[in-house]
Amino acid sequence: MVDTIAKRDIRKLKLEELKDFFVQQGEKAFRAQQVYEWLWMKSAKSFEQMTNISLDTREVLSQHFVINHIKVDKMQRSSDGTIKNAVTLHDGLIVESVLIPAEKRITACVSSQVGCSLACKFCATARLKRQRNLSVDEIYDQVVAIKEQAELFYGRPLTNIVFMGMGEPLLNYANVLSAIEKITAQKGLNMASRRITVSTVGVAKMIKKMADDEVKFNLAVSLHSALNETRSSIMPINDTNPLEELADALRYWYQKTKSKVTYEYVVWKGINDTEEHAKALLKFAKVVPSKVNLIEYNPIDDGEFQQASDEALNMYMDILEKSGITTRIRKSRGKDIDAACGQLANKS
Ligand code: SAH
């Protein structure tokens, strides 16, 4: 009795496995290719959409499989055009993803985990327990949803993807990598790897693994301090991955990939707003070719952290730029709807 068999999520199957299924059903293997294209390249949400597949075959598929597509349950639009999506997964858990429009680009900021295990003191997501990793299709679907919104609301294509939503991408490395493979595949979304950035808290071992895998996307590291004592006090990951190990991993990364590293860095009042800190950052930024994004702090309600003064930011700019480190000050987007960096926390 087919009905009593638990239906499998069809997107968990590799193309080869789907071919085997078709052959077992007495069908031609090339049907699997067609179905696979519907599932990934055309992001079909149901078997009915697969119009070049016979009705009988679609019926067989729906008896054996389901397509667990994410659902965008709530969409909020910021006064600056940023769109935040609350996305419901098939098991009812929720993550958030963000569309960030700019003059020349539209960026999707996607989540990699439900919650986060890292406990960075300044981040709202850190207050949610890490519940689970997102699957390949759940990551892929967030990109698809934002790609559709970019076309619908802005009449422009999605151009960039950043893994800067909820969770730590390098602690869900295999799925993030497979999702990126599908996003960049010709029979997927056909996007360029160099327009994708994975942002990490700095898991040294995994940065080396990425280097070994010779990945083609960009690496961003959330640094926030280049002094161990300060960094450990705001980012507990630094206790097990101190700056020396991070630097080692980044040297290895650069040696293998020849790809510049971007450092994300917030300057906070009374925490890292002195020259000593700026000089430490300069030294760290010279470990491998890099650039620095000084990002605006987005308050997460308790007032423990406060954005440093403009003078402090200018002091950082001076010190870094004088030594030839490209440095940009990044204004937040989507703050009014809690869609900015570090604000994603499923308030809805
Ligand atoms: N876990 C990954 C990706 C998620 S965080 C990482 O740590 O890189 C995305 C970026 O937002 C990181 O650089 C993070 O340090 C930064 N961030 C977190 N909370 C923030 C806040 N309240 N204001 C500004 N940036 C924040």
# chains A, B, ... in the order shown; residues from 1 in each chain; ligands from 1
$ residues_near_ligand --ligand "ligand 1" --cutoff "6 Å" --atoms "only C-alpha atoms and all ligand atoms" --output "PyMOL selection string"
chain A and resi 122-123+164-168+199-201+221-222+264+296-300+341-343
$ select_by_dssp --residues "region 104-196 of chain A" --states "strand (DSSP E)" --output "number ranges by chain"
A: 106-109, 113-114, 132-133, 160-163, 196
$ write_last_selection --atoms "N, CA and C atoms" --output "short mmCIF file (atom, residue, chain, number, x, y, z; two decimals), in the first residue's frame"
data_model
loop_
_atom_site.label_atom_id
_atom_site.label_comp_id
_atom_site.auth_asym_id
_atom_site.auth_seq_id
_atom_site.Cartn_x
_atom_site.Cartn_y
_atom_site.Cartn_z
N ILE A 106 21.15 43.74 -6.11
CA ILE A 106 20.16 43.29 -5.12
C ILE A 106 20.78 42.08 -4.43
N THR A 107 20.87 42.16 -3.12
CA THR A 107 21.54 41.12 -2.36
C THR A 107 20.55 40.32 -1.52
N ALA A 108 20.73 39.01 -1.52
CA ALA A 108 19.95 38.15 -0.62
C ALA A 108 20.82 37.80 0.56
N CYS A 109 20.31 38.04 1.76
CA CYS A 109 21.02 37.64 2.97
C CYS A 109 20.27 36.43 3.53
N GLN A 113 21.29 28.25 9.68
CA GLN A 113 20.86 27.40 10.79
C GLN A 113 19.61 28.01 11.43
N VAL A 114 18.86 27.16 12.13
CA VAL A 114 17.75 27.70 12.94
C VAL A 114 18.36 28.04 14.29
N ARG A 132 18.57 23.49 14.75
CA ARG A 132 19.09 22.53 13.77
C ARG A 132 19.72 23.25 12.59
N ASN A 133 20.44 22.46 11.79
CA ASN A 133 20.99 22.99 10.55
C ASN A 133 19.90 23.08 9.49
N ASN A 160 23.53 39.26 -5.85
CA ASN A 160 24.51 38.82 -4.84
C ASN A 160 23.84 38.01 -3.74
N ILE A 161 24.63 37.16 -3.11
CA ILE A 161 24.12 36.39 -1.97
C ILE A 161 25.14 36.47 -0.85
N VAL A 162 24.68 36.76 0.35
CA VAL A 162 25.57 36.72 1.51
C VAL A 162 24.99 35.77 2.56
N PHE A 163 25.86 34.92 3.10
CA PHE A 163 25.43 34.04 4.19
C PHE A 163 25.69 34.77 5.50
N ILE A 196 28.96 35.51 -4.37
CA ILE A 196 28.47 34.87 -3.14
C ILE A 196 29.52 35.05 -2.04
#
$ residues_around --residues "region 90-93 of chain A" --least-positions-apart "4" --cutoff "10 Å" --atoms "only C-alpha atoms" --output "MDAnalysis selection string"
chainID A and resid 67:71 114:115 131:132 138
$ closest_residue --among "A:Ser46, A:Thr274, A:Thr326, A:Thr257" --to "Ser225 (chain A)" --atoms "only C-alpha atoms"
A:Thr274
$ atom_distance --atom1 "CA of Met317 (chain A)" --atom2 "CA of Ala126 (chain A)"
28.8 Å
$ decode --residues "region 296-322 of chain A" --atoms "N, CA and C atoms" --output "compact mmCIF listing (two decimals), in the first residue's frame"
# COMPACT_ATOMS: atom_id res chain seq x y z
N GLU A 296 28.01 49.42 10.92
CA GLU A 296 27.28 50.16 11.95
C GLU A 296 26.65 49.16 12.91
N TYR A 297 26.69 49.51 14.19
CA TYR A 297 26.08 48.63 15.19
C TYR A 297 24.56 48.79 15.18
N ASN A 298 23.87 47.67 15.20
CA ASN A 298 22.42 47.69 15.28
C ASN A 298 22.02 47.27 16.68
N PRO A 299 21.51 48.21 17.44
CA PRO A 299 21.22 47.93 18.84
C PRO A 299 20.24 46.76 19.00
N ILE A 300 20.50 45.94 19.97
CA ILE A 300 19.58 44.83 20.24
C ILE A 300 19.02 44.95 21.65
N ASP A 301 18.49 46.00 21.91
CA ASP A 301 17.70 46.46 23.07
C ASP A 301 18.29 46.56 24.48
N ASP A 302 19.37 45.92 24.86
CA ASP A 302 19.73 46.08 26.27
C ASP A 302 20.74 47.21 26.56
N GLY A 303 21.27 47.84 25.51
CA GLY A 303 22.12 49.01 25.74
C GLY A 303 23.54 48.70 26.20
N GLU A 304 23.89 47.43 26.30
CA GLU A 304 25.24 47.09 26.73
C GLU A 304 26.29 47.55 25.71
N PHE A 305 25.91 47.45 24.45
CA PHE A 305 26.82 47.87 23.38
C PHE A 305 26.29 49.13 22.74
N GLN A 306 27.19 50.06 22.46
CA GLN A 306 26.79 51.28 21.77
C GLN A 306 27.76 51.61 20.66
N GLN A 307 27.19 52.06 19.55
CA GLN A 307 28.00 52.50 18.42
C GLN A 307 29.02 53.56 18.87
N ALA A 308 30.27 53.43 18.43
CA ALA A 308 31.29 54.42 18.78
C ALA A 308 31.03 55.73 18.04
N SER A 309 31.73 56.75 18.45
CA SER A 309 31.56 58.08 17.84
C SER A 309 32.13 58.10 16.42
N ASP A 310 31.73 59.13 15.66
CA ASP A 310 32.27 59.31 14.31
C ASP A 310 33.77 59.54 14.36
N GLU A 311 34.24 60.21 15.41
CA GLU A 311 35.69 60.46 15.55
C GLU A 311 36.44 59.12 15.61
N ALA A 312 35.90 58.19 16.39
CA ALA A 312 36.55 56.89 16.52
C ALA A 312 36.58 56.18 15.17
N LEU A 313 35.48 56.26 14.43
CA LEU A 313 35.44 55.63 13.10
C LEU A 313 36.46 56.26 12.17
N ASN A 314 36.54 57.60 12.22
CA ASN A 314 37.50 58.30 11.37
C ASN A 314 38.93 57.94 11.74
N MET A 315 39.18 57.76 13.01
CA MET A 315 40.51 57.35 13.46
C MET A 315 40.85 55.97 12.86
N TYR A 316 39.92 55.05 12.91
CA TYR A 316 40.13 53.74 12.28
C TYR A 316 40.41 53.89 10.78
N MET A 317 39.55 54.70 10.13
CA MET A 317 39.71 54.90 8.68
C MET A 317 41.11 55.39 8.35
N ASP A 318 41.54 56.42 9.10
CA ASP A 318 42.86 57.01 8.88
C ASP A 318 43.95 55.97 8.98
N ILE A 319 43.95 55.28 10.09
CA ILE A 319 45.02 54.31 10.36
C ILE A 319 45.05 53.22 9.29
N LEU A 320 43.89 52.73 8.90
CA LEU A 320 43.84 51.62 7.94
C LEU A 320 44.16 52.11 6.53
N GLU A 321 43.52 53.18 6.12
CA GLU A 321 43.68 53.64 4.73
C GLU A 321 45.10 54.13 4.48
N LYS A 322 45.69 54.77 5.48
CA LYS A 322 47.07 55.24 5.33
C LYS A 322 48.01 54.10 5.01
